[in-house]
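Content type PDB, C-alpha atoms, from the file start.pdb:
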```pdb
ATOM      1  CA  MET K   1    -129.265 218.555  34.660
ATOM      2  CA  GLN K   2    -129.908 221.371  32.232
ATOM      3  CA  THR K   3    -127.864 224.441  33.114
ATOM      4  CA  THR K   4    -130.146 227.047  31.624
ATOM      5  CA  ILE K   5    -133.830 227.402  30.964
ATOM      6  CA  PRO K   6    -134.672 228.096  27.320
ATOM      7  CA  THR K   7    -136.203 231.506  26.670
ATOM      8  CA  ARG K   8    -138.863 229.695  24.666
ATOM      9  CA  VAL K   9    -140.529 228.597  27.935
ATOM     10  CA  ILE K  10    -142.150 230.877  30.494
ATOM     11  CA  ALA K  11    -139.522 230.450  33.237
ATOM     12  CA  GLY K  12    -136.739 231.383  30.815
ATOM     13  CA  ALA K  13    -138.650 234.429  29.653
ATOM     14  CA  VAL K  14    -139.214 235.725  33.181
ATOM     15  CA  LEU K  15    -136.095 234.742  35.157
ATOM     16  CA  PRO K  16    -132.361 234.881  34.490
ATOM     17  CA  ARG K  17    -131.114 231.724  32.767
ATOM     18  CA  THR K  18    -128.512 230.342  35.141
ATOM     19  CA  TRP K  19    -127.883 226.907  36.589
ATOM     20  CA  ILE K  20    -128.782 228.280  40.035
ATOM     21  CA  THR K  21    -132.166 229.497  38.792
ATOM     22  CA  THR K  22    -132.739 226.203  37.016
ATOM     23  CA  ALA K  23    -131.852 224.187  40.126
ATOM     24  CA  ALA K  24    -134.175 226.321  42.253
ATOM     25  CA  LEU K  25    -137.039 225.948  39.785
ATOM     26  CA  VAL K  26    -136.494 222.208  39.401
ATOM     27  CA  THR K  27    -136.602 221.854  43.180
ATOM     28  CA  GLY K  28    -139.595 224.176  43.425
ATOM     29  CA  PHE K  29    -141.619 222.190  40.910
ATOM     30  CA  ALA K  30    -140.676 218.908  42.630
ATOM     31  CA  LEU K  31    -141.994 220.403  45.879
ATOM     32  CA  LEU K  32    -145.101 221.733  44.103
ATOM     33  CA  THR K  33    -145.804 218.206  42.846
ATOM     34  CA  ALA K  34    -145.328 216.857  46.388
ATOM     35  CA  LEU K  35    -147.730 219.477  47.714
ATOM     36  CA  ALA K  36    -150.271 218.711  44.972
ATOM     37  CA  ALA K  37    -149.999 215.007  45.892
ATOM     38  CA  GLN K  38    -151.409 215.856  49.305
ATOM     39  CA  ILE K  39    -154.628 217.041  47.669
ATOM     40  CA  ARG K  40    -155.950 213.496  47.730
ATOM     41  CA  ILE K  41    -159.400 211.994  47.387
ATOM     42  CA  PRO K  42    -159.316 208.206  47.761
ATOM     43  CA  LEU K  43    -161.751 206.175  45.693
ATOM     44  CA  PRO K  44    -162.970 202.927  47.269
ATOM     45  CA  PHE K  45    -162.803 200.871  44.061
ATOM     46  CA  THR K  46    -159.242 201.699  42.946
ATOM     47  CA  PRO K  47    -155.798 202.052  44.532
ATOM     48  CA  VAL K  48    -155.306 205.263  42.509
ATOM     49  CA  PRO K  49    -156.565 208.384  44.325
ATOM     50  CA  ILE K  50    -157.638 211.663  42.780
ATOM     51  CA  THR K  51    -154.782 214.136  43.340
ATOM     52  CA  GLY K  52    -153.525 217.457  42.052
ATOM     53  CA  GLN K  53    -150.235 215.940  40.869
ATOM     54  CA  THR K  54    -150.993 215.834  37.150
ATOM     55  CA  PHE K  55    -151.655 219.580  37.151
ATOM     56  CA  ALA K  56    -148.242 220.213  38.716
ATOM     57  CA  VAL K  57    -146.596 217.808  36.253
ATOM     58  CA  LEU K  58    -148.101 219.559  33.232
ATOM     59  CA  LEU K  59    -147.102 222.977  34.539
ATOM     60  CA  SER K  60    -143.553 221.838  35.318
ATOM     61  CA  GLY K  61    -142.995 220.756  31.739
ATOM     62  CA  ALA K  62    -144.560 223.857  30.248
ATOM     63  CA  ALA K  63    -142.851 226.306  32.571
ATOM     64  CA  LEU K  64    -139.392 224.715  32.624
ATOM     65  CA  GLY K  65    -139.032 222.979  29.271
ATOM     66  CA  SER K  66    -138.327 219.340  28.518
ATOM     67  CA  ALA K  67    -135.056 218.719  30.368
ATOM     68  CA  ALA K  68    -135.696 220.765  33.501
ATOM     69  CA  GLY K  69    -139.362 219.707  33.649
ATOM     70  CA  ALA K  70    -138.441 216.024  33.461
ATOM     71  CA  THR K  71    -135.666 216.583  36.004
ATOM     72  CA  SER K  72    -138.146 218.172  38.424
ATOM     73  CA  GLN K  73    -140.375 215.108  38.227
ATOM     74  CA  GLY K  74    -137.404 212.767  38.558
ATOM     75  CA  LEU K  75    -136.414 214.681  41.690
ATOM     76  CA  TYR K  76    -139.985 214.342  42.994
ATOM     77  CA  LEU K  77    -139.812 210.575  42.447
ATOM     78  CA  LEU K  78    -136.411 210.365  44.159
ATOM     79  CA  LEU K  79    -137.412 212.520  47.142
ATOM     80  CA  GLY K  80    -140.543 210.437  47.625
ATOM     81  CA  LEU K  81    -138.367 207.407  48.254
ATOM     82  CA  PHE K  82    -137.158 209.066  51.467
ATOM     83  CA  LEU K  83    -139.723 211.742  52.378
ATOM     84  CA  PRO K  84    -143.540 211.651  52.672
ATOM     85  CA  PHE K  85    -144.037 213.230  49.244
ATOM     86  CA  TYR K  86    -146.255 210.733  47.450
ATOM     87  CA  ALA K  87    -150.058 210.908  47.560
ATOM     88  CA  GLY K  88    -151.361 211.067  51.098
ATOM     89  CA  GLY K  89    -147.905 211.428  52.625
ATOM     90  CA  ALA K  90    -146.691 208.030  51.457
ATOM     91  CA  SER K  91    -143.019 207.350  50.762
ATOM     92  CA  GLY K  92    -140.627 204.524  50.064
ATOM     93  CA  TRP K  93    -139.739 201.954  47.485
ATOM     94  CA  GLU K  94    -142.951 199.967  47.964
ATOM     95  CA  HIS K  95    -145.011 202.999  46.967
ATOM     96  CA  ALA K  96    -142.704 203.961  44.092
ATOM     97  CA  THR K  97    -143.060 200.463  42.646
ATOM     98  CA  GLY K  98    -146.624 199.805  43.807
ATOM     99  CA  ALA K  99    -149.896 200.245  41.949
ATOM    100  CA  THR K 100    -149.236 203.901  41.146
ATOM    101  CA  GLY K 101    -145.540 203.483  40.258
ATOM    102  CA  GLY K 102    -146.197 203.641  36.517
ATOM    103  CA  PHE K 103    -147.898 206.991  36.944
ATOM    104  CA  LEU K 104    -144.795 208.314  38.736
ATOM    105  CA  ILE K 105    -142.604 207.279  35.781
ATOM    106  CA  GLY K 106    -145.223 208.743  33.452
ATOM    107  CA  PHE K 107    -144.860 212.084  35.250
ATOM    108  CA  ILE K 108    -141.222 212.302  34.160
ATOM    109  CA  ILE K 109    -141.958 211.448  30.533
ATOM    110  CA  ALA K 110    -145.060 213.685  30.416
ATOM    111  CA  ALA K 111    -143.117 216.671  31.755
ATOM    112  CA  ALA K 112    -140.495 216.092  29.055
ATOM    113  CA  VAL K 113    -143.132 215.845  26.313
ATOM    114  CA  VAL K 114    -145.080 218.903  27.474
ATOM    115  CA  GLY K 115    -141.797 220.767  27.896
ATOM    116  CA  TYR K 116    -140.754 219.902  24.361
ATOM    117  CA  LEU K 117    -144.107 221.121  23.053
ATOM    118  CA  ALA K 118    -143.766 224.343  25.084
ATOM    119  CA  GLU K 119    -140.259 224.887  23.706
ATOM    120  CA  ASN K 120    -141.907 224.722  20.295
ATOM    121  CA  ARG K 121    -144.451 227.389  21.277
ATOM    122  CA  GLN K 122    -147.398 225.054  21.794
ATOM    123  CA  ASP K 123    -148.252 226.785  25.083
ATOM    124  CA  ARG K 124    -148.928 230.229  23.611
ATOM    125  CA  THR K 125    -152.631 229.910  22.720
ATOM    126  CA  VAL K 126    -155.450 227.891  24.226
ATOM    127  CA  THR K 127    -155.961 226.081  20.906
ATOM    128  CA  THR K 128    -152.394 224.731  21.002
ATOM    129  CA  ALA K 129    -151.870 224.516  24.774
ATOM    130  CA  VAL K 130    -154.883 222.308  25.489
ATOM    131  CA  PRO K 131    -153.756 219.621  22.988
ATOM    132  CA  ALA K 132    -150.200 219.834  24.383
ATOM    133  CA  PHE K 133    -151.436 219.254  27.931
ATOM    134  CA  LEU K 134    -153.823 216.559  26.749
ATOM    135  CA  THR K 135    -150.849 214.796  25.155
ATOM    136  CA  GLY K 136    -149.014 214.941  28.486
ATOM    137  CA  THR K 137    -152.027 213.470  30.269
ATOM    138  CA  VAL K 138    -152.256 210.620  27.769
ATOM    139  CA  VAL K 139    -148.551 209.893  28.325
ATOM    140  CA  ILE K 140    -149.192 209.584  32.065
ATOM    141  CA  TYR K 141    -151.979 207.075  31.377
ATOM    142  CA  LEU K 142    -149.793 205.144  28.919
ATOM    143  CA  PHE K 143    -147.267 204.472  31.676
ATOM    144  CA  GLY K 144    -149.612 204.294  34.652
ATOM    145  CA  VAL K 145    -152.412 202.047  33.458
ATOM    146  CA  PRO K 146    -150.342 199.079  32.198
ATOM    147  CA  TRP K 147    -148.227 199.117  35.375
ATOM    148  CA  LEU K 148    -151.361 199.267  37.524
ATOM    149  CA  ALA K 149    -152.815 196.303  35.595
ATOM    150  CA  HIS K 150    -149.561 194.383  36.093
ATOM    151  CA  VAL K 151    -149.300 195.059  39.835
ATOM    152  CA  ALA K 152    -153.011 194.440  40.452
ATOM    153  CA  ASP K 153    -152.860 191.314  38.272
ATOM    154  CA  VAL K 154    -155.833 192.383  36.165
ATOM    155  CA  SER K 155    -156.405 192.734  32.432
ATOM    156  CA  LEU K 156    -155.521 195.940  30.632
ATOM    157  CA  THR K 157    -159.246 196.654  30.257
ATOM    158  CA  GLU K 158    -159.672 196.372  34.014
ATOM    159  CA  GLY K 159    -156.576 198.537  34.443
ATOM    160  CA  ILE K 160    -158.241 201.224  32.341
ATOM    161  CA  ALA K 161    -161.364 200.935  34.498
ATOM    162  CA  LEU K 162    -159.252 201.346  37.651
ATOM    163  CA  GLY K 163    -156.581 203.814  36.531
ATOM    164  CA  ALA K 164    -157.994 205.958  33.741
ATOM    165  CA  ALA K 165    -161.778 205.962  33.385
ATOM    166  CA  PRO K 166    -162.555 207.435  36.833
ATOM    167  CA  PHE K 167    -160.111 210.282  36.245
ATOM    168  CA  VAL K 168    -160.896 211.423  32.697
ATOM    169  CA  VAL K 169    -163.297 214.233  33.620
ATOM    170  CA  GLY K 170    -161.025 215.637  36.343
ATOM    171  CA  ASP K 171    -157.960 215.382  34.134
ATOM    172  CA  LEU K 172    -159.785 217.159  31.319
ATOM    173  CA  LEU K 173    -160.571 219.990  33.736
ATOM    174  CA  LYS K 174    -156.879 220.168  34.707
ATOM    175  CA  VAL K 175    -155.920 220.210  31.015
ATOM    176  CA  VAL K 176    -158.306 223.082  30.284
ATOM    177  CA  LEU K 177    -157.129 225.005  33.365
ATOM    178  CA  ALA K 178    -153.442 224.554  32.503
ATOM    179  CA  GLY K 179    -154.192 225.202  28.829
ATOM    180  CA  SER K 180    -155.770 228.526  29.767
ATOM    181  CA  LEU K 181    -153.211 229.491  32.403
ATOM    182  CA  LEU K 182    -150.066 229.357  30.260
ATOM    183  CA  PRO K 183    -151.326 231.494  27.345
ATOM    184  CA  ALA K 184    -152.618 234.035  29.875
ATOM    185  CA  THR K 185    -149.216 234.051  31.579
ATOM    186  CA  TRP K 186    -147.473 234.632  28.248
ATOM    187  CA  ARG K 187    -149.800 237.602  27.599
ATOM    188  CA  LEU K 188    -148.918 239.048  31.027
ATOM    189  CA  VAL K 189    -145.211 238.608  30.364
ATOM    190  CA  GLY K 190    -145.598 240.282  26.965
ATOM    191  CA  SER K 191    -147.516 243.247  28.354
ATOM    192  CA  ALA K 192    -145.013 243.677  31.222
ATOM    193  CA  ARG K 193    -142.170 244.010  28.731
ATOM    194  CA  ARG K 194    -143.833 246.747  26.714
TER     195      ARG K 194
END
```
Structure encoded using structure tokens:
Amino acid sequence: MQTTIPTRVIAGAVLPRTWITTAALVTGFALLTALAAQIRIPLPFTPVPITGQTFAVLLSGAALGSAAGATSQGLYLLLGLFLPFYAGGASGWEHATGATGGFLIGFIIAAAVVGYLAENRQDRTVTTAVPAFLTGTVVIYLFGVPWLAHVADVSLTEGIALGAAPFVVGDLLKVVLAGSLLPATWRLVGSARR
């Protein structure tokens, strides 16, 4: 696990950069993702529910950076094996490897990608943050949809219909919200230091 949070990301700019702070933030973002997973709207035509998880994933990467953001999502995945942390209070190996298992792996990779982009200052303005968060969302789909198609034994096209198409509008709203939130947070941090 990363021992310090880079100052190039919001958590490193606001909090002391120690391994204790990093561990607390990693755990906090894992718990935030678990909480967001409980915001769940099941859809009758797909095993993938609407949740708040992707928002938490995007924020974890942007706030913590690539290593700590990915670690937070890895911890979320691990904790969900034993605790009711997955969508709707689900837990266990069968859920981690079930229809939504690819999305869970995608969360780790997406947090790393968004974190890397944040470390390179792509979270400072809406015009750069929105594409960074959109990239993270696409990464989640790239892992989730093929796995869903595999587990459901359907074509990739049907996997897209089940695991991506119904969620595009909601995910775009999450991207815009996260893409507006981080630049605003950076402005607050900047004005507080003056």
(message) Just to confirm, what's the straight-line distance from atom CA of K:Pro44 to atom CA of K:Leu142 in Å (one decimal)?
(response)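 Separating atom CA of K:Pro44 from atom CA of K:Leu142 is a distance of 22.7 Å.
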(request) Return the single residue from K:Leu77, K:Ala184, K:Ala68, K:Ala178 that is closest to K:Arg124, with distances computed using all atoms listed in the file. (result)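 Using all atoms listed in the file, K:Arg124 sits closest to K:Ala184.
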(request) May I ask which of the residues K:Leu177, K:Ala132, K:Phe167, K:Thr18 is the closest one to K:Asn120, counting only C-alpha atoms? (result)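 Residue with the minimum atom-to-atom distance to K:Asn120: K:Ala132.
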(request) On this file, the PyMOL selection byres ((chain K and resi 108) around 6) gives some set of residues; write that set as a list in words. (result)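 What the PyMOL selection byres ((chain K and resi 108) around 6) grabs from the file is Ala70, Gln73, Gly74, Ile105, Gly106, Phe107, Ile109, Ala110 and Ala111 of chain K.
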(request) For each of K:Val48, K:Val114, K:Ala90, K:Ala63, take the minimum atom-to-atom distance to K:Gly159, counting all atoms listed in the file, then give the residue where this is smallest. (result) K:Val48
(request) State, in Å with one decimal place, the distance from atom CA of K:Thr185 to atom CA of K:Phe133. (result) 15.4 Å
(request) Return the single residue from K:Phe82, K:Thr51, K:Gly69, K:Ile41 that is closest to K:Val113, with distances computed using all atoms listed in the file. (result)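 Distance minimum relative to K:Val113 lands on K:Gly69.
Proximity of K:Phe55, K:Trp186, K:Tyr76, K:Trp147 to K:Leu134, computed with all atoms listed in the file, is greatest for K:Phe55.
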(message) Could you tell me, as number ranges by chain, exactly which residues end up selected when the PyMOL selection byres ((chain K and resi 19-32) around 10) is applied to this structure?
(response) K: 1-5, 11-12, 15-18, 33-37, 52-53, 55-57, 59-61, 63-64, 67-80, 85
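Closest approach to K:Asp123 among K:Pro47, K:Leu188, K:Pro42, K:Leu181 is made by K:Leu181 (distances from all atoms listed in the file).
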So which residues fall inside 6 Å of (-151.8, 218.5, 32.3) if we count only C-alpha atoms? Mind giving them as an mmCIF file with C-alpha atoms, in the frame of the given file?
```cif
data_model
loop_
_atom_site.group_PDB
_atom_site.id
_atom_site.type_symbol
_atom_site.label_atom_id
_atom_site.label_comp_id
_atom_site.auth_asym_id
_atom_site.auth_seq_id
_atom_site.Cartn_x
_atom_site.Cartn_y
_atom_site.Cartn_z
ATOM 1 C CA THR K 54 -150.993 215.834 37.150
ATOM 2 C CA PHE K 55 -151.655 219.580 37.151
ATOM 3 C CA LEU K 58 -148.101 219.559 33.232
ATOM 4 C CA PHE K 133 -151.436 219.254 27.931
ATOM 5 C CA GLY K 136 -149.014 214.941 28.486
ATOM 6 C CA THR K 137 -152.027 213.470 30.269
ATOM 7 C CA LYS K 174 -156.879 220.168 34.707
ATOM 8 C CA VAL K 175 -155.920 220.210 31.015
#
```
(message) Running the PyMOL selection byres ((chain K and resi 149-158) around 10) on this model by hand, what would come out? Give it as a count of residues only.
(response) 20
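The space between atom CA of K:Leu172 and atom CA of K:Thr125 spans 17.0 Å.
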(message) Would you pick out the contacts of K:Val126 at 7 Å or less, using all atoms listed in the file, so that residues sharing its chain but fewer than 3 positions from it are not included, and give the list as a list in words?
(response) Ala129, Val130, Gly179, Ser180 and Pro183 of chain K
Using the incomplete input, complete stretch 78-99 of chain K to the level of N, CA and C atoms; output as a short mmCIF file (atom, residue, chain, number, x, y, z; two decimals), in the frame of the given file.
```
data_model
loop_
_atom_site.label_atom_id
_atom_site.label_comp_id
_atom_site.auth_asym_id
_atom_site.auth_seq_id
_atom_site.Cartn_x
_atom_site.Cartn_y
_atom_site.Cartn_z
N LEU K 78 -137.53 210.69 43.28
CA LEU K 78 -136.41 210.36 44.16
C LEU K 78 -136.67 210.81 45.60
N LEU K 79 -137.14 212.02 45.79
CA LEU K 79 -137.41 212.52 47.14
C LEU K 79 -138.49 211.70 47.84
N GLY K 80 -139.48 211.24 47.06
CA GLY K 80 -140.54 210.44 47.62
C GLY K 80 -140.09 209.08 48.14
N LEU K 81 -138.91 208.65 47.71
CA LEU K 81 -138.37 207.41 48.25
C LEU K 81 -138.00 207.58 49.72
N PHE K 82 -137.67 208.80 50.13
CA PHE K 82 -137.16 209.07 51.47
C PHE K 82 -138.07 209.95 52.32
N LEU K 83 -138.88 210.78 51.67
CA LEU K 83 -139.72 211.74 52.38
C LEU K 83 -141.19 211.48 52.06
N PRO K 84 -142.11 211.92 52.90
CA PRO K 84 -143.54 211.65 52.67
C PRO K 84 -144.13 212.55 51.58
N PHE K 85 -143.66 212.36 50.36
CA PHE K 85 -144.04 213.23 49.24
C PHE K 85 -145.09 212.64 48.31
N TYR K 86 -145.27 211.33 48.34
CA TYR K 86 -146.26 210.73 47.45
C TYR K 86 -147.66 211.00 47.98
N ALA K 87 -148.67 210.63 47.20
CA ALA K 87 -150.06 210.91 47.56
C ALA K 87 -150.37 210.46 48.99
N GLY K 88 -150.97 211.37 49.73
CA GLY K 88 -151.36 211.07 51.10
C GLY K 88 -150.21 210.97 52.07
N GLY K 89 -149.05 211.48 51.73
CA GLY K 89 -147.90 211.43 52.62
C GLY K 89 -147.15 210.12 52.60
N ALA K 90 -147.39 209.31 51.58
CA ALA K 90 -146.69 208.03 51.46
C ALA K 90 -145.26 208.27 50.98
N SER K 91 -144.40 207.29 51.24
CA SER K 91 -143.02 207.35 50.76
C SER K 91 -142.48 205.94 50.68
N GLY K 92 -141.31 205.80 50.08
CA GLY K 92 -140.63 204.52 50.06
C GLY K 92 -140.72 203.76 48.76
N TRP K 93 -139.86 202.78 48.69
CA TRP K 93 -139.74 201.95 47.48
C TRP K 93 -141.04 201.23 47.17
N GLU K 94 -141.72 200.73 48.20
CA GLU K 94 -142.95 199.97 47.96
C GLU K 94 -144.03 200.83 47.33
N HIS K 95 -144.04 202.10 47.61
CA HIS K 95 -145.01 203.00 46.97
C HIS K 95 -144.54 203.40 45.56
N ALA K 96 -143.25 203.58 45.41
CA ALA K 96 -142.70 203.96 44.09
C ALA K 96 -142.88 202.84 43.08
N THR K 97 -142.91 201.61 43.55
CA THR K 97 -143.06 200.46 42.65
C THR K 97 -144.43 199.80 42.77
N GLY K 98 -145.30 200.37 43.60
CA GLY K 98 -146.62 199.80 43.81
C GLY K 98 -147.58 200.14 42.67
N ALA K 99 -148.85 200.09 42.96
CA ALA K 99 -149.90 200.24 41.95
C ALA K 99 -149.80 201.56 41.18
#
```
